[in-house]
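Structure data (CSV, C-alpha atoms) from entry13.csv:
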```csv
chain,number,residue,atom,x,y,z
A,1,MET,CA,-8.5,-46.2,101.3
A,2,THR,CA,-6.0,-49.0,101.1
A,3,GLU,CA,-3.4,-49.4,98.3
A,4,ARG,CA,-5.2,-52.6,97.1
A,5,SER,CA,-8.8,-51.3,97.4
A,6,CYS,CA,-9.5,-51.4,93.6
A,7,ALA,CA,-9.0,-54.2,91.0
A,8,HIS,CA,-7.2,-52.6,88.1
A,9,THR,CA,-6.8,-53.1,84.4
A,10,VAL,CA,-3.8,-51.5,82.8
A,11,LEU,CA,-4.6,-50.4,79.3
A,12,ARG,CA,-1.5,-49.7,77.2
A,13,LEU,CA,-2.4,-47.3,74.4
A,14,GLY,CA,0.0,-47.7,71.4
A,15,GLY,CA,1.7,-44.6,70.1
A,16,SER,CA,0.6,-45.4,66.5
A,17,LEU,CA,-3.0,-44.7,67.6
A,18,LEU,CA,-2.5,-41.2,68.9
A,19,GLY,CA,-3.4,-39.6,65.6
A,20,LEU,CA,-6.9,-41.0,65.5
A,21,PRO,CA,-9.4,-38.1,65.4
A,22,ASP,CA,-11.9,-40.0,67.6
A,23,LEU,CA,-9.3,-41.5,69.9
A,24,PRO,CA,-11.0,-40.5,73.2
A,25,ARG,CA,-14.2,-42.2,72.2
A,26,ARG,CA,-12.4,-45.4,71.2
A,27,VAL,CA,-10.3,-45.4,74.4
A,28,LEU,CA,-13.4,-44.8,76.6
A,29,SER,CA,-15.2,-47.6,74.8
A,30,ALA,CA,-12.4,-49.9,75.6
A,31,ALA,CA,-12.2,-48.7,79.2
A,32,VAL,CA,-15.9,-49.4,80.0
A,33,GLN,CA,-15.3,-53.1,79.1
A,34,VAL,CA,-12.8,-53.6,82.0
A,35,SER,CA,-12.6,-53.0,85.7
A,36,GLY,CA,-10.5,-50.2,87.2
A,37,PRO,CA,-9.1,-48.8,84.0
A,38,VAL,CA,-5.6,-47.2,84.2
A,39,ILE,CA,-4.2,-46.0,80.9
A,40,ILE,CA,-0.5,-45.9,80.0
A,41,VAL,CA,0.2,-44.0,76.8
A,42,GLY,CA,3.0,-44.9,74.4
A,43,GLY,CA,5.7,-42.4,73.4
A,44,GLY,CA,4.6,-42.2,69.7
A,45,SER,CA,6.6,-40.0,67.4
A,46,ALA,CA,8.2,-38.1,70.2
A,47,ALA,CA,9.9,-41.3,71.4
A,48,ASP,CA,10.9,-42.0,67.8
A,49,CYS,CA,12.8,-38.7,67.8
A,50,VAL,CA,14.6,-39.7,71.0
A,51,ARG,CA,15.6,-43.0,69.5
A,52,LEU,CA,17.1,-41.1,66.5
A,53,TRP,CA,19.0,-38.7,68.8
A,54,HIS,CA,20.4,-41.7,70.7
A,55,ARG,CA,21.5,-43.5,67.5
A,56,ARG,CA,23.4,-40.3,66.5
A,57,GLY,CA,25.1,-40.2,69.9
A,58,LEU,CA,23.4,-37.0,71.0
A,59,CYS,CA,22.3,-38.4,74.4
A,60,SER,CA,23.4,-41.1,76.8
A,61,ASP,CA,21.5,-44.4,77.4
A,62,ALA,CA,20.0,-43.0,80.6
A,63,GLU,CA,19.1,-39.7,79.0
A,64,ALA,CA,17.4,-41.4,76.1
A,65,HIS,CA,15.5,-43.7,78.5
A,66,TRP,CA,14.1,-41.0,80.7
A,67,THR,CA,13.4,-38.6,77.8
A,68,ALA,CA,11.4,-41.4,76.0
A,69,ILE,CA,9.5,-42.0,79.3
A,70,ALA,CA,8.8,-38.2,79.5
A,71,ALA,CA,7.4,-38.5,75.9
A,72,MET,CA,4.9,-41.0,77.2
A,73,THR,CA,3.8,-38.6,79.9
A,74,PHE,CA,3.6,-35.8,77.3
A,75,HIS,CA,1.2,-37.8,75.2
A,76,ALA,CA,-0.7,-39.0,78.3
A,77,ARG,CA,-1.4,-35.4,79.2
A,78,GLN,CA,-2.6,-34.7,75.7
A,79,LEU,CA,-5.0,-37.5,75.9
A,80,ALA,CA,-6.3,-36.5,79.3
A,81,ASP,CA,-7.0,-33.0,78.1
A,82,ARG,CA,-9.3,-34.3,75.4
A,83,SER,CA,-12.1,-35.6,77.7
A,84,ALA,CA,-13.3,-34.7,81.2
A,85,ARG,CA,-13.7,-38.5,81.7
A,86,PHE,CA,-9.9,-38.8,81.9
A,87,GLN,CA,-7.9,-37.9,85.0
A,88,MET,CA,-4.1,-37.8,85.3
A,89,VAL,CA,-2.7,-39.7,88.2
A,90,SER,CA,0.8,-40.4,89.5
A,91,ASP,CA,0.4,-43.4,91.8
A,92,ARG,CA,-2.0,-46.2,92.7
A,93,ASN,CA,-3.9,-44.4,95.4
A,94,GLU,CA,-4.6,-41.5,93.0
A,95,ALA,CA,-5.8,-44.1,90.4
A,96,ASP,CA,-8.1,-45.7,93.0
A,97,ALA,CA,-9.6,-42.3,93.8
A,98,ALA,CA,-10.1,-41.4,90.2
A,99,ILE,CA,-11.8,-44.7,89.4
A,100,GLN,CA,-14.1,-44.5,92.4
A,101,ASP,CA,-15.1,-41.1,91.2
A,102,GLY,CA,-16.1,-42.6,87.9
A,103,ARG,CA,-13.1,-41.4,85.9
A,104,VAL,CA,-10.6,-43.3,83.8
A,105,ALA,CA,-7.1,-42.9,85.3
A,106,VAL,CA,-4.3,-41.9,82.9
A,107,LEU,CA,-0.9,-42.6,84.5
A,108,ASP,CA,1.9,-40.1,84.6
A,109,ILE,CA,4.4,-42.8,84.0
A,110,TRP,CA,7.5,-40.5,84.3
A,111,THR,CA,6.5,-39.5,87.9
A,112,PHE,CA,5.4,-43.0,88.8
A,113,LEU,CA,8.7,-44.6,87.7
A,114,ARG,CA,10.7,-41.8,89.4
A,115,GLN,CA,8.9,-42.6,92.6
A,116,HIS,CA,9.9,-46.2,92.3
A,117,SER,CA,13.5,-45.6,91.3
A,118,GLY,CA,16.8,-45.6,93.2
A,119,ARG,CA,18.9,-42.6,94.0
A,120,HIS,CA,20.3,-42.4,90.5
A,121,GLY,CA,17.0,-43.0,88.7
A,122,GLU,CA,17.5,-46.8,88.4
A,123,HIS,CA,14.5,-49.2,88.5
A,124,ASP,CA,14.3,-52.9,87.8
A,125,LEU,CA,13.5,-52.5,84.1
A,126,PRO,CA,16.5,-52.6,81.7
A,127,VAL,CA,17.6,-49.2,80.3
A,128,SER,CA,17.4,-50.3,76.7
A,129,TRP,CA,15.3,-49.9,73.6
A,130,ASP,CA,14.2,-53.5,74.2
A,131,VAL,CA,11.9,-51.9,76.8
A,132,THR,CA,9.2,-49.7,75.4
A,133,SER,CA,5.7,-48.8,76.7
A,134,ASP,CA,4.7,-52.5,76.1
A,135,SER,CA,7.0,-53.7,78.8
A,136,ILE,CA,6.5,-50.7,81.0
A,137,ALA,CA,2.7,-51.3,81.0
A,138,ALA,CA,3.3,-55.1,81.7
A,139,TRP,CA,5.7,-54.2,84.5
A,140,VAL,CA,3.1,-51.9,86.2
A,141,ALA,CA,0.3,-54.5,85.7
A,142,ALA,CA,2.5,-57.2,87.3
A,143,ARG,CA,3.5,-54.9,90.2
A,144,TRP,CA,-0.2,-54.0,90.9
A,145,ARG,CA,-1.4,-57.6,90.2
A,146,ALA,CA,-3.6,-56.1,87.6
A,147,ARG,CA,-4.9,-57.3,84.3
A,148,LEU,CA,-3.2,-56.0,81.1
A,149,LEU,CA,-5.0,-54.9,78.0
A,150,LEU,CA,-2.9,-53.9,75.0
A,151,LEU,CA,-4.6,-51.4,72.7
A,152,LYS,CA,-2.9,-51.9,69.4
A,153,SER,CA,-3.3,-51.0,65.7
A,154,VAL,CA,-3.2,-54.7,64.6
A,155,ASP,CA,-4.8,-58.0,65.5
A,156,PRO,CA,-2.5,-60.3,67.5
A,157,GLY,CA,-2.4,-62.9,64.7
A,158,ASN,CA,-0.6,-66.2,65.0
A,159,ASN,CA,2.5,-64.5,66.5
A,160,PRO,CA,1.5,-61.6,68.8
A,161,LEU,CA,5.0,-61.3,70.1
A,162,GLN,CA,6.1,-59.7,66.8
A,163,HIS,CA,3.9,-56.7,67.8
A,164,VAL,CA,5.5,-56.1,71.2
A,165,ASP,CA,9.0,-55.2,72.4
A,166,ALA,CA,11.8,-57.6,73.1
A,167,TRP,CA,11.5,-57.5,76.9
A,168,PHE,CA,7.8,-57.9,77.0
A,169,VAL,CA,7.7,-61.6,77.8
A,170,GLN,CA,10.0,-61.1,80.7
A,171,ALA,CA,8.0,-58.1,82.0
A,172,ALA,CA,4.7,-59.9,81.6
A,173,ALA,CA,5.8,-63.2,83.0
A,174,PRO,CA,3.6,-63.0,86.2
A,175,LEU,CA,0.5,-62.3,84.1
A,176,ARG,CA,0.3,-65.6,82.1
A,177,SER,CA,-2.3,-64.1,79.7
A,178,ILE,CA,-3.2,-60.6,78.5
A,179,GLY,CA,-6.0,-58.9,76.7
A,180,TRP,CA,-5.5,-57.5,73.2
A,181,MET,CA,-7.7,-55.1,71.2
A,182,ASN,CA,-7.2,-53.7,67.7
A,183,LEU,CA,-8.5,-50.2,68.4
A,184,ARG,CA,-8.6,-49.4,64.7
A,185,ARG,CA,-11.5,-51.8,64.2
A,186,ALA,CA,-14.9,-50.3,64.1
A,187,GLN,CA,-16.2,-53.0,66.4
A,188,ALA,CA,-13.2,-53.6,68.6
A,189,ALA,CA,-13.4,-56.6,70.9
A,190,VAL,CA,-11.0,-57.9,73.6
A,191,GLN,CA,-9.1,-61.0,72.6
A,192,THR,CA,-7.2,-63.1,75.1
A,193,VAL,CA,-3.6,-63.9,74.4
A,194,VAL,CA,-1.8,-66.7,76.4
A,195,LEU,CA,1.8,-65.7,76.9
A,196,PRO,CA,4.8,-68.1,76.5
A,197,LYS,CA,6.8,-68.8,79.6
A,198,ALA,CA,9.6,-66.4,80.0
A,199,VAL,CA,13.1,-67.7,79.7
A,200,PRO,CA,15.5,-66.2,82.3
A,201,PRO,CA,18.3,-64.1,80.8
A,202,SER,CA,21.6,-66.0,80.4
A,203,ASP,CA,24.5,-65.1,82.7
A,204,GLY,CA,26.7,-65.6,79.7
```

As structure tokens, the full file:
Amino acid sequence: MTERSCAHTVLRLGGSLLGLPDLPRRVLSAAVQVSGPVIIVGGGSAADCVRLWHRRGLCSDAEAHWTAIAAMTFHARQLADRSARFQMVSDRNEADAAIQDGRVAVLDIWTFLRQHSGRHGEHDLPVSWDVTSDSIAAWVAARWRARLLLLKSVDPGNNPLQHVDAWFVQAAAPLRSIGWMNLRRAQAAVQTVVLPKAVPPSDG
């Protein structure tokens, strides 16, 4: 099996959706509408706690960054435990194997990012609250040349960028367009959002 043997769609599941009692059913309904589904779960309330600790000076930037990412994996494992259709994976090859076995892959993003980091845990995403699971999912999708589908609590509206983090346009620049689904709707459908061209960060 080669690394590029499967066409993927990265589904970013927003943390605000984690409390839905029928969440697995809704996520699986979205997953069957795309090819090669790989889910990245947001940090939800656990990441909000990390943000508060950081504001109070209780942890460093790097500690906050990696703890928030660990919160994403925590919620991913919770989701995976709620249906036998889900399978936790930590890299692209494992995702391919799960998909070819008829499963929906749920990415252990903490392990994945650690595998793609430098000696001191660096990767090419800024260590900042400008980068949340929105940008992380876009970064993975761009790296894998995959499609990206955002599973949100709201419709994109006239200004979808107000519903994503500050770094998202940069992270998603190679994608040009993304899918968007308001998972709270009873009859959720995928909408296409064309992204504005990213402006390179200023050198000052």

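Among the candidate residues A:Met181, A:Ala98, A:Val164, A:Ile40, the one lying nearest to Trp110 (chain A) is A:Ile40, with distances computed using all atoms listed in the file.
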
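For Ile109 (chain A), the list of residues within 8 Å, based on only C-alpha atoms and with local chain neighbours fewer than 3 positions off taken out, reads Ile40, Ile69, Ala70, Met72, Thr73, Ser90, Phe112 and Leu113 of chain A.
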
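Among A:Ala172, A:Ala31, A:Leu161, A:Leu52, the residue with the shortest atom-to-atom distance to Ala137 (chain A), counting only C-alpha atoms, is A:Ala172.
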
- [ ] List the neighbours of region 15-19 of chain A out to 12 Å using only C-alpha atoms; skip same-chain residues closer than 3 positions along the sequence, and give me the result as a PyMOL selection string.
- [x] chain A and resi 12+22-24+26-27+40-48+68+71-79+82+132-134+150-154+163+181-185

Open item on the list: Restricting the calculation to all atoms listed in the file: of A:Val127, A:Met88, A:Ala138, A:Ile178, which residue gets closest to Pro160 (chain A)?
Closed with: A:Ile178

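Residue nearest Val34 (chain A), chosen from A:Leu20, A:Ala80, A:Ala142, A:Val10 and counting only C-alpha atoms: A:Val10.
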
Open item on the list: Considering only C-alpha atoms, can you say which of A:Val131, A:Val38, A:Ala95, A:Val194 comes closest to Ala171 (chain A)?
Closed with: A:Val131

Task: Selected residue, from A:Gly14, A:Arg92, A:Cys49, A:Ser177, that lies nearest to Gln115 (chain A) when counting only C-alpha atoms - done: A:Arg92

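The coordinates place CA of Gly36 (chain A) at 23.5 Å from CA of Pro156 (chain A).
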